[in-house]
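In what follows, a single structure is set out as structure tokens and then discussed.
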Amino acid sequence: MITLISIIMVLIGAINWLCVGLFRFDFVAWVCGGNATVAARIIYGLVGVAGVWITYALIAHRGRLNASLREID
């Protein structure tokens with residue numbers, strides 16, 4: 001379950017960075033009222049932790065992710 005949530009968060013972060021790169025529009029900063037607000041920093045931090053988790057899961061499972069809703073064996 002945590003892997004599925006992490007994948008979703010990483011995808012949201014990737015889409016946000018795509019918007020920043022193409023349009024100079026930071027959706028997270030826009031929603032939170034600026035990129036230095038506590039809420040924005042929490043979201044950025046959670047997306048970063050999700051990226052670290054996905055990296056760990058890929059290494060630990062030799063490139064295969066189990067992103068199902070049932071428990072990982």
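Residues in the structure tokens are named by chain (A, B, ... in the order shown) and by number from 1 within that chain; ligands are numbered from 1 in the order shown.
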Inset, instruction - Please report, as a VMD selection string, each residue of chain A to which DSSP assigns alpha helix (DSSP H) when run on this structure's backbone. - result: chain A and resid 2 to 23 27 to 32 38 to 60
Inset, instruction - Just the residues within 9 Å of A:Asn66, please, counting only C-alpha atoms, with nothing from its chain fewer than 6 positions along; format it as a PyMOL selection string. - result: chain A and resi 1+3-4+57+72
Go ahead and write the residues just picked, C-alpha atoms, as a PDB file, in the first residue's frame.
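The resulting part17.pdb:
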```pdb
ATOM      1  CA  MET A   1       0.000   0.000   0.000  1.00  0.00           C
ATOM      2  CA  THR A   3       4.414   1.657  -2.530  1.00  0.00           C
ATOM      3  CA  LEU A   4       1.210   2.542  -4.381  1.00  0.00           C
ATOM      4  CA  ALA A  57      11.803  -0.611  -3.191  1.00  0.00           C
ATOM      5  CA  ILE A  72       3.597  -7.174  -0.058  1.00  0.00           C
TER       6      ILE A  72
END
```
Inset, instruction - Excluding A:Tyr44 and residues on its chain fewer than 6 positions from it, collect all residues at most 10 Å away from it, counting only C-alpha atoms, and give them as a count of residues only. - result: 7
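For A:Val52, the residues within 12 Å (counting only C-alpha atoms, excluding itself and residues fewer than 5 positions away along the chain) are Thr3, Ser6, Ile7, Met9, Val10, Gly45, Leu46, Val47, Ala57, Leu58 and Ile59 of chain A.
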